[in-house]
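Accompanying notes for the structure given below.
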Amino acid sequence: MHSWFSFIPLILEGALVTVGLTLAGCVLALMMAFIAGLGRLSLHAPVRWLATCYIEFFRGTSIFVQLFWAYFVLPLFGLTLTPLEAGILALGLNVGAYGAEVVRGAVQSIGREQHEACRALNLTRWQGLRHVILPQALVLMLPTFCNNAIELLKATAVVSLISLSDMTFQAQVVRAQTGSTAVPFITILLLYFVMALALSRSIRGLEKRLTRGLEGVRT
Amino acid sequence: MDWSWSFVWEILPTLLEGVRVTILATLGGAVLAAVIGLALALLRRSPNKAVMRTTSFVIEFIRGTPLLVQLYFLFYVLPDAGITLGPMTAGLIGLGLHYGTYTAEVYRAGIDNVPTGQWEAAKACNLTGRQTWTQIILPQAIPPMVPALANYLIAMFKETPLLSAITVLELMNQARSVANFNYRYLEPMTLVGVFFLIISLISVSLLRLLERRLGRIG
């Protein structure tokens with residue numbers, strides 16, 4: 001038991017990496033989701049086509065394959081990434097592709113009359129999107145974004161396989177050094193669960209904040 | 001680095017062997033997930049509060065933690081408790097349990113969608129609880145769930161490379177070992193991506209077909 005306690009800092013160090021990776025991945029995923037999701041609704045065919053390709057490609061191949069490709073193959077094209085960069089890139093692009101479909105679905109589900117109202121007020125397409133459509137669509141996106149963020153958190157565990165010392169990696173280190181398997185793995189399972197709870201609580205809080213005063217207005 | 005076709009031909013048989021294992025693992029995991037999901041969905045509806053709460057917690061917990069760590073748990077921790085599983089068995093159980101918690105949600109929605117009138121009619125006809133489930137509720141609840149279940153099948157297929165972490169020789173693992181052996185990563189990694197893309201594009205279009213079919217019947 002004593003030897004286990006001395007390894008707690010190691011696990012916590014890994015937890016920090018996991019949290020950082022999740023946050024950075026979420027930021028990239030959010031950006032990609034809006035770029036590709038709105039890109040799919042673009043009036044210009046090449047933009048739509050490009051966005052569709054991105055989405056289909058990243059949803060069609062496994063996050064795993066993307067991660068290994070970013071880490072092992074990109075250097076051959078002269079782009080060497082650290083494990084952390086490769087992890088953020090693969091996680092962000094992968095989850096961003098799923099998020100893009102959420103953005104598209106939410107924007108499309110906003111009623112026609114809202115688009116017509118924008119036109120009637122002589123708003124440009126961008127103004128209408130920015131001031132009328134997106135504020136309403138964002139509320140619809142949040143629950144699914146919450147699930148996506150948890151998926152991203154869980155996907156961070158795979159970066160341990162490209163030697164990034166996240167929580168899962170550190171648990172393996174502890175296992176190798178102490179020979180104790182149950183304690184490190186149960187600890188990180190609990191930590192992941194707590195992180196997932198914290199993520200979903202905070203996004204639900206955000207949702208409540210954004211819908212304040214809208215009760216009964218939305219149909 | 002230049003692409004070498006002769007190397008591609010050389011490693012293709014090994015990779016195809018990996019594809020076979022990947023598909024087997026996906027199908028095996030899917031069957032387990034379908035069964036476990038149904039069991040979890042039924043347990044969650046149990047009138048016994050303790051059973052219901054425990055099931056809900058287990059579902060939440062499994063959904064909130066990474067599959068990779070669960071696989072490590074099954075493969076490295078259980079032997080300490082005297083349960084030693086082979087890599088493939090541990091992998092199948094891991095996939096089945098993890099995705100079972102997702103399919104449980106699908107079953108729940110499907111069961112809730114059966115109109116209350118059906119339950120009342122079953123009661124009026126004096127059917128036993130078992131008869132109500134097997135003859136009235138599930139036959140109506142399951143067909144509309146098929147597209148959602150198939151979606152998880154495809155998602156699971158894309159998670160099978162995780163099994164390589166517990167030494168199952170599936171597609172990813174085969175590709176990594178040939179890549180390490182020959183010190184060439186471009187072709188094996190790209191081919192793995194191509195295989196995944198092809199299989200998932202085919203299965204997505206099959207799924208669309210299935211959805212249209214079910215839509216026509218319903």
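Labels for the structure tokens follow display order: chains A, B, ..., residues from 1 in each chain, ligands from 1.
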### Message
Which residues are close to Gly25 in chain A, i.e. within 9 Å by only C-alpha atoms, leaving aside same-chain residues fewer than 4 positions away? Reply as a PyMOL selection string.
### Response
chain A and resi 20-21+29-30+87-93+95-96+149+152-153+156
Once you have the residues from the selection above, write them out as an mmCIF file, in the first residue's frame, restricted to all heavy atoms.
data_model
loop_
_atom_site.group_PDB
_atom_site.id
_atom_site.type_symbol
_atom_site.label_atom_id
_atom_site.label_comp_id
_atom_site.auth_asym_id
_atom_site.auth_seq_id
_atom_site.Cartn_x
_atom_site.Cartn_y
_atom_site.Cartn_z
ATOM 1 N N GLY A 20 -5.780 18.720 -20.009
ATOM 2 C CA GLY A 20 -5.301 19.669 -21.001
ATOM 3 C C GLY A 20 -5.628 19.228 -22.414
ATOM 4 O O GLY A 20 -6.100 20.016 -23.246
ATOM 5 N N LEU A 21 -5.416 17.952 -22.660
ATOM 6 C CA LEU A 21 -5.686 17.380 -23.977
ATOM 7 C C LEU A 21 -7.170 17.496 -24.309
ATOM 8 O O LEU A 21 -7.543 17.851 -25.434
ATOM 9 C CB LEU A 21 -5.262 15.913 -23.939
ATOM 10 C CG LEU A 21 -4.972 15.203 -25.230
ATOM 11 C CD1 LEU A 21 -3.869 15.920 -25.954
ATOM 12 C CD2 LEU A 21 -4.560 13.774 -24.927
ATOM 13 N N ALA A 29 -12.038 21.048 -31.853
ATOM 14 C CA ALA A 29 -13.227 20.367 -32.373
ATOM 15 C C ALA A 29 -14.353 21.364 -32.590
ATOM 16 O O ALA A 29 -15.067 21.314 -33.595
ATOM 17 C CB ALA A 29 -13.668 19.271 -31.410
ATOM 18 N N LEU A 30 -14.502 22.301 -31.664
ATOM 19 C CA LEU A 30 -15.572 23.293 -31.763
ATOM 20 C C LEU A 30 -15.361 24.168 -32.999
ATOM 21 O O LEU A 30 -16.292 24.428 -33.769
ATOM 22 C CB LEU A 30 -15.572 24.147 -30.492
ATOM 23 C CG LEU A 30 -16.872 24.832 -30.123
ATOM 24 C CD1 LEU A 30 -17.957 23.798 -29.918
ATOM 25 C CD2 LEU A 30 -16.697 25.664 -28.868
ATOM 26 N N GLY A 87 -1.874 14.292 -30.864
ATOM 27 C CA GLY A 87 -3.088 13.932 -30.124
ATOM 28 C C GLY A 87 -4.163 14.983 -30.272
ATOM 29 O O GLY A 87 -5.315 14.671 -30.587
ATOM 30 N N ILE A 88 -3.778 16.256 -30.055
ATOM 31 C CA ILE A 88 -4.769 17.328 -30.143
ATOM 32 C C ILE A 88 -5.330 17.402 -31.558
ATOM 33 O O ILE A 88 -6.540 17.510 -31.760
ATOM 34 C CB ILE A 88 -4.137 18.677 -29.745
ATOM 35 C CG1 ILE A 88 -3.775 18.661 -28.263
ATOM 36 C CG2 ILE A 88 -5.090 19.825 -30.039
ATOM 37 C CD1 ILE A 88 -3.003 19.884 -27.807
ATOM 38 N N LEU A 89 -4.443 17.292 -32.539
ATOM 39 C CA LEU A 89 -4.869 17.384 -33.937
ATOM 40 C C LEU A 89 -5.864 16.277 -34.277
ATOM 41 O O LEU A 89 -6.957 16.542 -34.797
ATOM 42 C CB LEU A 89 -3.633 17.283 -34.845
ATOM 43 C CG LEU A 89 -3.860 17.616 -36.305
ATOM 44 C CD1 LEU A 89 -4.080 19.107 -36.464
ATOM 45 C CD2 LEU A 89 -2.671 17.176 -37.155
ATOM 46 N N ALA A 90 -5.504 15.027 -33.951
ATOM 47 C CA ALA A 90 -6.377 13.908 -34.313
ATOM 48 C C ALA A 90 -7.701 13.981 -33.558
ATOM 49 O O ALA A 90 -8.769 13.825 -34.155
ATOM 50 C CB ALA A 90 -5.672 12.580 -34.030
ATOM 51 N N LEU A 91 -7.646 14.257 -32.261
ATOM 52 C CA LEU A 91 -8.881 14.318 -31.468
ATOM 53 C C LEU A 91 -9.771 15.452 -31.956
ATOM 54 O O LEU A 91 -10.979 15.275 -32.150
ATOM 55 C CB LEU A 91 -8.561 14.536 -29.989
ATOM 56 C CG LEU A 91 -7.957 13.363 -29.239
ATOM 57 C CD1 LEU A 91 -7.449 13.817 -27.889
ATOM 58 C CD2 LEU A 91 -8.990 12.273 -29.065
ATOM 59 N N GLY A 92 -9.174 16.628 -32.159
ATOM 60 C CA GLY A 92 -9.959 17.794 -32.561
ATOM 61 C C GLY A 92 -10.602 17.589 -33.922
ATOM 62 O O GLY A 92 -11.788 17.860 -34.109
ATOM 63 N N LEU A 93 -9.807 17.076 -34.888
ATOM 64 C CA LEU A 93 -10.355 16.900 -36.233
ATOM 65 C C LEU A 93 -11.422 15.814 -36.239
ATOM 66 O O LEU A 93 -12.446 15.936 -36.908
ATOM 67 C CB LEU A 93 -9.236 16.550 -37.222
ATOM 68 C CG LEU A 93 -8.266 17.682 -37.537
ATOM 69 C CD1 LEU A 93 -7.218 17.225 -38.536
ATOM 70 C CD2 LEU A 93 -9.002 18.894 -38.094
ATOM 71 N N VAL A 95 -13.428 14.620 -33.625
ATOM 72 C CA VAL A 95 -14.667 14.995 -32.947
ATOM 73 C C VAL A 95 -15.316 16.179 -33.659
ATOM 74 O O VAL A 95 -16.537 16.292 -33.711
ATOM 75 C CB VAL A 95 -14.400 15.277 -31.459
ATOM 76 C CG1 VAL A 95 -15.665 15.706 -30.749
ATOM 77 C CG2 VAL A 95 -13.833 14.038 -30.794
ATOM 78 N N GLY A 96 -14.468 17.058 -34.265
ATOM 79 C CA GLY A 96 -15.002 18.178 -35.027
ATOM 80 C C GLY A 96 -15.893 17.711 -36.168
ATOM 81 O O GLY A 96 -16.912 18.338 -36.475
ATOM 82 N N ALA A 149 -18.226 15.943 -26.196
ATOM 83 C CA ALA A 149 -17.104 16.291 -25.324
ATOM 84 C C ALA A 149 -16.718 15.088 -24.470
ATOM 85 O O ALA A 149 -15.529 14.833 -24.249
ATOM 86 C CB ALA A 149 -17.466 17.477 -24.444
ATOM 87 N N LEU A 152 -14.835 12.729 -26.506
ATOM 88 C CA LEU A 152 -13.463 13.210 -26.698
ATOM 89 C C LEU A 152 -12.616 12.888 -25.475
ATOM 90 O O LEU A 152 -11.490 12.411 -25.591
ATOM 91 C CB LEU A 152 -13.477 14.707 -26.972
ATOM 92 C CG LEU A 152 -12.187 15.293 -27.549
ATOM 93 C CD1 LEU A 152 -12.515 16.427 -28.489
ATOM 94 C CD2 LEU A 152 -11.229 15.778 -26.501
ATOM 95 N N LEU A 153 -13.183 13.125 -24.294
ATOM 96 C CA LEU A 153 -12.460 12.797 -23.063
ATOM 97 C C LEU A 153 -12.062 11.322 -23.057
ATOM 98 O O LEU A 153 -10.921 10.969 -22.753
ATOM 99 C CB LEU A 153 -13.347 13.112 -21.852
ATOM 100 C CG LEU A 153 -12.886 12.532 -20.521
ATOM 101 C CD1 LEU A 153 -11.621 13.217 -20.045
ATOM 102 C CD2 LEU A 153 -13.969 12.657 -19.463
ATOM 103 N N THR A 156 -9.238 10.426 -25.388
ATOM 104 C CA THR A 156 -7.874 10.837 -25.048
ATOM 105 C C THR A 156 -7.048 9.656 -24.550
ATOM 106 O O THR A 156 -5.831 9.697 -24.624
ATOM 107 C CB THR A 156 -7.827 11.920 -23.950
ATOM 108 O OG1 THR A 156 -8.489 11.430 -22.796
ATOM 109 C CG2 THR A 156 -8.466 13.209 -24.405
#
Pull the closest atom pair for each residue of chain A that gets at most 6 Å from chain B, along with the distance in Å to one decimal, counting only C-alpha atoms, ordering rows by chain and then ascending residue number, as JSON lines.
{"residue": "A:Gly60", "atom": "CA", "partner": "B:Leu197", "partner_atom": "CA", "distance": 5.0}
{"residue": "A:Thr61", "atom": "CA", "partner": "B:Leu197", "partner_atom": "CA", "distance": 5.1}
{"residue": "A:Ser62", "atom": "CA", "partner": "B:Lys158", "partner_atom": "CA", "distance": 4.7}
{"residue": "A:Val65", "atom": "CA", "partner": "B:Gly193", "partner_atom": "CA", "distance": 5.9}
{"residue": "A:Val73", "atom": "CA", "partner": "B:Leu186", "partner_atom": "CA", "distance": 5.4}
{"residue": "A:Leu76", "atom": "CA", "partner": "B:Met1", "partner_atom": "CA", "distance": 5.8}
{"residue": "A:Lys154", "atom": "CA", "partner": "B:Pro66", "partner_atom": "CA", "distance": 4.3}
{"residue": "A:Thr181", "atom": "CA", "partner": "B:Val77", "partner_atom": "CA", "distance": 5.3}
{"residue": "A:Ala182", "atom": "CA", "partner": "B:Val77", "partner_atom": "CA", "distance": 5.2}
{"residue": "A:Tyr192", "atom": "CA", "partner": "B:Thr65", "partner_atom": "CA", "distance": 5.4}
{"residue": "A:Phe193", "atom": "CA", "partner": "B:Gly64", "partner_atom": "CA", "distance": 5.1}
{"residue": "A:Ala196", "atom": "CA", "partner": "B:Gly64", "partner_atom": "CA", "distance": 5.5}
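Distance check against Leu199 in chain A using only C-alpha atoms: of A:Ala15, A:Ile150, A:Val107, A:Leu142, the minimum falls on A:Ile150.
Counting only C-alpha atoms and comparing B:Leu43, B:Tyr107, B:Thr84, B:Leu15, the residue that lies closest to Gln140 in chain B is B:Tyr107.
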### Query
What lies within 12 Å of Val35 in chain B using only C-alpha atoms, ignoring chain neighbours under 6 positions off, as a list in words?
Gly28, Gly29, Ala41, Leu42, Ile93, Gly96, Leu97, Tyr99, Gly100, Thr101, Tyr102, Thr103, Ala104, Tyr107 and Leu149 of chain B
Dump all heavy atoms for the selected residues as an mmCIF file, in the first residue's frame?
data_model
loop_
_atom_site.group_PDB
_atom_site.id
_atom_site.type_symbol
_atom_site.label_atom_id
_atom_site.label_comp_id
_atom_site.auth_asym_id
_atom_site.auth_seq_id
_atom_site.Cartn_x
_atom_site.Cartn_y
_atom_site.Cartn_z
ATOM 1 N N GLY B 28 -18.843 -10.275 -33.153
ATOM 2 C CA GLY B 28 -18.980 -10.890 -31.828
ATOM 3 C C GLY B 28 -19.357 -9.860 -30.780
ATOM 4 O O GLY B 28 -20.266 -10.078 -29.969
ATOM 5 N N GLY B 29 -18.671 -8.724 -30.816
ATOM 6 C CA GLY B 29 -18.970 -7.653 -29.866
ATOM 7 C C GLY B 29 -20.385 -7.155 -30.035
ATOM 8 O O GLY B 29 -21.084 -6.855 -29.064
ATOM 9 N N ALA B 41 -31.413 -2.806 -20.205
ATOM 10 C CA ALA B 41 -32.635 -2.008 -20.371
ATOM 11 C C ALA B 41 -33.762 -2.584 -19.516
ATOM 12 O O ALA B 41 -34.526 -1.844 -18.892
ATOM 13 C CB ALA B 41 -33.042 -1.975 -21.840
ATOM 14 N N LEU B 42 -33.854 -3.930 -19.478
ATOM 15 C CA LEU B 42 -34.924 -4.555 -18.685
ATOM 16 C C LEU B 42 -34.664 -4.360 -17.195
ATOM 17 O O LEU B 42 -35.583 -4.055 -16.430
ATOM 18 C CB LEU B 42 -35.040 -6.046 -19.023
ATOM 19 C CG LEU B 42 -35.507 -6.337 -20.446
ATOM 20 C CD1 LEU B 42 -35.610 -7.835 -20.689
ATOM 21 C CD2 LEU B 42 -36.859 -5.680 -20.718
ATOM 22 N N ILE B 93 -15.702 -9.084 -24.535
ATOM 23 C CA ILE B 93 -16.482 -8.695 -23.356
ATOM 24 C C ILE B 93 -16.440 -7.173 -23.188
ATOM 25 O O ILE B 93 -17.455 -6.538 -22.915
ATOM 26 C CB ILE B 93 -15.961 -9.410 -22.098
ATOM 27 C CG1 ILE B 93 -16.225 -10.914 -22.222
ATOM 28 C CG2 ILE B 93 -16.644 -8.868 -20.844
ATOM 29 C CD1 ILE B 93 -15.678 -11.735 -21.089
ATOM 30 N N GLY B 96 -18.569 -5.583 -25.863
ATOM 31 C CA GLY B 96 -19.975 -5.899 -25.600
ATOM 32 C C GLY B 96 -20.527 -5.086 -24.444
ATOM 33 O O GLY B 96 -21.615 -4.515 -24.538
ATOM 34 N N LEU B 97 -19.752 -4.989 -23.354
ATOM 35 C CA LEU B 97 -20.210 -4.235 -22.184
ATOM 36 C C LEU B 97 -20.319 -2.750 -22.508
ATOM 37 O O LEU B 97 -21.323 -2.108 -22.201
ATOM 38 C CB LEU B 97 -19.206 -4.395 -21.043
ATOM 39 C CG LEU B 97 -19.519 -5.405 -19.956
ATOM 40 C CD1 LEU B 97 -18.417 -5.385 -18.915
ATOM 41 C CD2 LEU B 97 -20.856 -5.074 -19.303
ATOM 42 N N TYR B 99 -20.528 -1.098 -25.419
ATOM 43 C CA TYR B 99 -21.600 -0.732 -26.343
ATOM 44 C C TYR B 99 -22.956 -1.198 -25.854
ATOM 45 O O TYR B 99 -23.983 -0.649 -26.268
ATOM 46 C CB TYR B 99 -21.265 -1.203 -27.759
ATOM 47 C CG TYR B 99 -20.345 -0.204 -28.385
ATOM 48 C CD1 TYR B 99 -18.969 -0.337 -28.281
ATOM 49 C CD2 TYR B 99 -20.855 0.937 -28.976
ATOM 50 C CE1 TYR B 99 -18.127 0.621 -28.774
ATOM 51 C CE2 TYR B 99 -20.018 1.911 -29.476
ATOM 52 C CZ TYR B 99 -18.663 1.745 -29.373
ATOM 53 O OH TYR B 99 -17.829 2.719 -29.856
ATOM 54 N N GLY B 100 -22.965 -2.196 -24.949
ATOM 55 C CA GLY B 100 -24.228 -2.610 -24.343
ATOM 56 C C GLY B 100 -24.893 -1.461 -23.605
ATOM 57 O O GLY B 100 -26.121 -1.313 -23.625
ATOM 58 N N THR B 101 -24.084 -0.590 -22.974
ATOM 59 C CA THR B 101 -24.681 0.533 -22.257
ATOM 60 C C THR B 101 -25.279 1.543 -23.238
ATOM 61 O O THR B 101 -26.222 2.240 -22.913
ATOM 62 C CB THR B 101 -23.639 1.253 -21.380
ATOM 63 O OG1 THR B 101 -22.589 1.717 -22.213
ATOM 64 C CG2 THR B 101 -23.089 0.339 -20.326
ATOM 65 N N TYR B 102 -24.720 1.586 -24.460
ATOM 66 C CA TYR B 102 -25.306 2.481 -25.458
ATOM 67 C C TYR B 102 -26.584 1.869 -26.031
ATOM 68 O O TYR B 102 -27.585 2.554 -26.203
ATOM 69 C CB TYR B 102 -24.315 2.758 -26.591
ATOM 70 C CG TYR B 102 -23.207 3.693 -26.187
ATOM 71 C CD1 TYR B 102 -22.015 3.212 -25.653
ATOM 72 C CD2 TYR B 102 -23.356 5.055 -26.323
ATOM 73 C CE1 TYR B 102 -21.011 4.069 -25.266
ATOM 74 C CE2 TYR B 102 -22.351 5.933 -25.940
ATOM 75 C CZ TYR B 102 -21.182 5.415 -25.416
ATOM 76 O OH TYR B 102 -20.190 6.279 -25.037
ATOM 77 N N THR B 103 -26.533 0.570 -26.330
ATOM 78 C CA THR B 103 -27.733 -0.055 -26.909
ATOM 79 C C THR B 103 -28.858 -0.094 -25.874
ATOM 80 O O THR B 103 -30.022 -0.039 -26.240
ATOM 81 C CB THR B 103 -27.437 -1.472 -27.435
ATOM 82 O OG1 THR B 103 -26.839 -2.218 -26.392
ATOM 83 C CG2 THR B 103 -26.522 -1.451 -28.625
ATOM 84 N N ALA B 104 -28.505 -0.147 -24.580
ATOM 85 C CA ALA B 104 -29.542 -0.143 -23.540
ATOM 86 C C ALA B 104 -30.414 1.100 -23.691
ATOM 87 O O ALA B 104 -31.638 1.042 -23.558
ATOM 88 C CB ALA B 104 -28.898 -0.170 -22.152
ATOM 89 N N TYR B 107 -32.739 0.595 -26.624
ATOM 90 C CA TYR B 107 -33.850 -0.288 -26.246
ATOM 91 C C TYR B 107 -34.863 0.479 -25.404
ATOM 92 O O TYR B 107 -36.065 0.350 -25.575
ATOM 93 C CB TYR B 107 -33.351 -1.476 -25.418
ATOM 94 C CG TYR B 107 -32.689 -2.563 -26.228
ATOM 95 C CD1 TYR B 107 -31.364 -2.904 -26.010
ATOM 96 C CD2 TYR B 107 -33.403 -3.277 -27.185
ATOM 97 C CE1 TYR B 107 -30.750 -3.896 -26.732
ATOM 98 C CE2 TYR B 107 -32.794 -4.285 -27.912
ATOM 99 C CZ TYR B 107 -31.468 -4.588 -27.687
ATOM 100 O OH TYR B 107 -30.867 -5.581 -28.398
ATOM 101 N N LEU B 149 -29.330 0.842 -33.735
ATOM 102 C CA LEU B 149 -28.422 -0.232 -33.324
ATOM 103 C C LEU B 149 -27.301 -0.383 -34.347
ATOM 104 O O LEU B 149 -26.130 -0.544 -33.988
ATOM 105 C CB LEU B 149 -29.179 -1.554 -33.178
ATOM 106 C CG LEU B 149 -30.148 -1.639 -31.996
ATOM 107 C CD1 LEU B 149 -30.873 -2.974 -32.012
ATOM 108 C CD2 LEU B 149 -29.407 -1.471 -30.677
#
